[in-house]
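Quick look at work16.cif (mmCIF, C-alpha atoms):
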```
data_coords
#
loop_
_atom_site.group_PDB
_atom_site.id
_atom_site.type_symbol
_atom_site.label_atom_id
_atom_site.label_comp_id
_atom_site.auth_asym_id
_atom_site.auth_seq_id
_atom_site.Cartn_x
_atom_site.Cartn_y
_atom_site.Cartn_z
ATOM 1 C CA MET P 156 104.138 101.941 89.000
ATOM 2 C CA ASN P 157 101.336 100.446 90.993
ATOM 3 C CA LYS P 158 99.188 103.536 90.400
ATOM 4 C CA ILE P 159 99.018 102.772 86.695
ATOM 5 C CA LYS P 160 97.682 99.303 87.403
ATOM 6 C CA GLN P 161 95.340 100.614 90.084
ATOM 7 C CA ILE P 162 93.812 103.257 87.825
ATOM 8 C CA ARG P 163 93.654 100.859 84.878
ATOM 9 C CA GLU P 164 91.723 98.342 86.979
ATOM 10 C CA GLN P 165 89.435 101.024 88.457
ATOM 11 C CA LYS P 166 88.500 102.059 84.929
ATOM 12 C CA GLY P 167 87.870 98.440 83.945
ATOM 13 C CA LEU P 168 90.566 98.460 81.270
ATOM 14 C CA SER P 169 92.704 95.503 80.316
ATOM 15 C CA ARG P 170 96.407 95.756 79.666
ATOM 16 C CA TYR P 171 95.700 94.983 76.013
ATOM 17 C CA GLN P 172 93.253 97.882 75.768
ATOM 18 C CA VAL P 173 95.690 100.360 77.311
ATOM 19 C CA ALA P 174 98.587 99.055 75.232
ATOM 20 C CA ASN P 175 96.608 99.340 71.992
ATOM 21 C CA ALA P 176 95.193 102.774 72.791
ATOM 22 C CA SER P 177 98.530 104.201 73.921
ATOM 23 C CA GLY P 178 100.851 102.612 71.392
ATOM 24 C CA VAL P 179 102.951 101.181 74.224
ATOM 25 C CA TRP P 180 103.942 97.571 73.717
ATOM 26 C CA TYR P 181 101.991 95.156 75.933
ATOM 27 C CA LYS P 182 105.165 93.699 77.471
ATOM 28 C CA ASN P 183 106.466 97.183 78.235
ATOM 29 C CA LEU P 184 103.206 98.031 79.978
ATOM 30 C CA ILE P 185 103.577 94.935 82.148
ATOM 31 C CA ASP P 186 107.151 95.948 82.990
ATOM 32 C CA ILE P 187 106.057 99.484 83.841
ATOM 33 C CA GLU P 188 103.285 98.209 86.100
ATOM 34 C CA ASN P 189 105.894 96.040 87.820
ATOM 35 C CA GLY P 190 108.147 98.997 88.592
ATOM 36 C CA LYS P 191 110.377 99.421 85.553
ATOM 37 C CA ASP P 192 111.470 103.016 84.950
ATOM 38 C CA VAL P 193 109.302 104.875 82.487
ATOM 39 C CA THR P 194 109.837 108.010 80.443
ATOM 40 C CA LEU P 195 107.592 111.045 80.664
ATOM 41 C CA SER P 196 106.542 110.626 77.033
ATOM 42 C CA THR P 197 105.398 107.056 77.729
ATOM 43 C CA LEU P 198 103.512 108.211 80.824
ATOM 44 C CA ARG P 199 101.760 110.814 78.679
ATOM 45 C CA LYS P 200 100.671 108.134 76.200
ATOM 46 C CA ILE P 201 99.373 105.882 78.973
ATOM 47 C CA ALA P 202 97.562 108.772 80.678
ATOM 48 C CA ALA P 203 95.901 109.765 77.409
ATOM 49 C CA ALA P 204 94.816 106.179 76.770
ATOM 50 C CA MET P 205 93.283 105.960 80.257
ATOM 51 C CA ASN P 206 91.768 109.467 80.081
ATOM 52 C CA CYS P 207 93.595 110.752 83.140
ATOM 53 C CA GLU P 208 96.419 113.111 84.025
ATOM 54 C CA VAL P 209 100.082 112.106 84.201
ATOM 55 C CA SER P 210 100.086 113.314 87.807
ATOM 56 C CA ASP P 211 97.458 110.668 88.614
ATOM 57 C CA LEU P 212 99.900 107.949 87.555
ATOM 58 C CA VAL P 213 102.892 108.928 89.690
#
```

Any chance you could put this one into structure tokens?
Amino acid sequence: MNKIKQIREQKGLSRYQVANASGVWYKNLIDIENGKDVTLSTLRKIAAAMNCEVSDLV
């Protein structure tokens, strides 16, 4: 999920900020950014926290 990391960095957000805003555990966010499978519901939470669309993340 390199797009998640790319968008997060473009927006100047830290992993901690996204994790806290989305309710996704920090370690899970790291795993997702490193290519671990992710559910649609988790993608929705991350997209909402980064103020973008789910389609931007995939």

Identify all residues satisfying the PyMOL selection byres ((chain P and resi 173) around 12) in the given file; provide them as number ranges by chain. P: 159-160, 162-164, 166-172, 174-185, 188, 197-198, 200-206

Using Å and a single decimal, report how far CA of Glu208 in chain P sits from CA of Val193 in chain P. 15.4 Å

I'd like the interatomic distance between CA of Gln165 in chain P and CA of Leu195 in chain P, to a tenth of an Å. 22.2 Å

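Each of P:Asp186, P:Val213, P:Thr194, P:Arg199 was checked against Gln161 in chain P using only C-alpha atoms; the smallest atom-to-atom distance is that of P:Val213.
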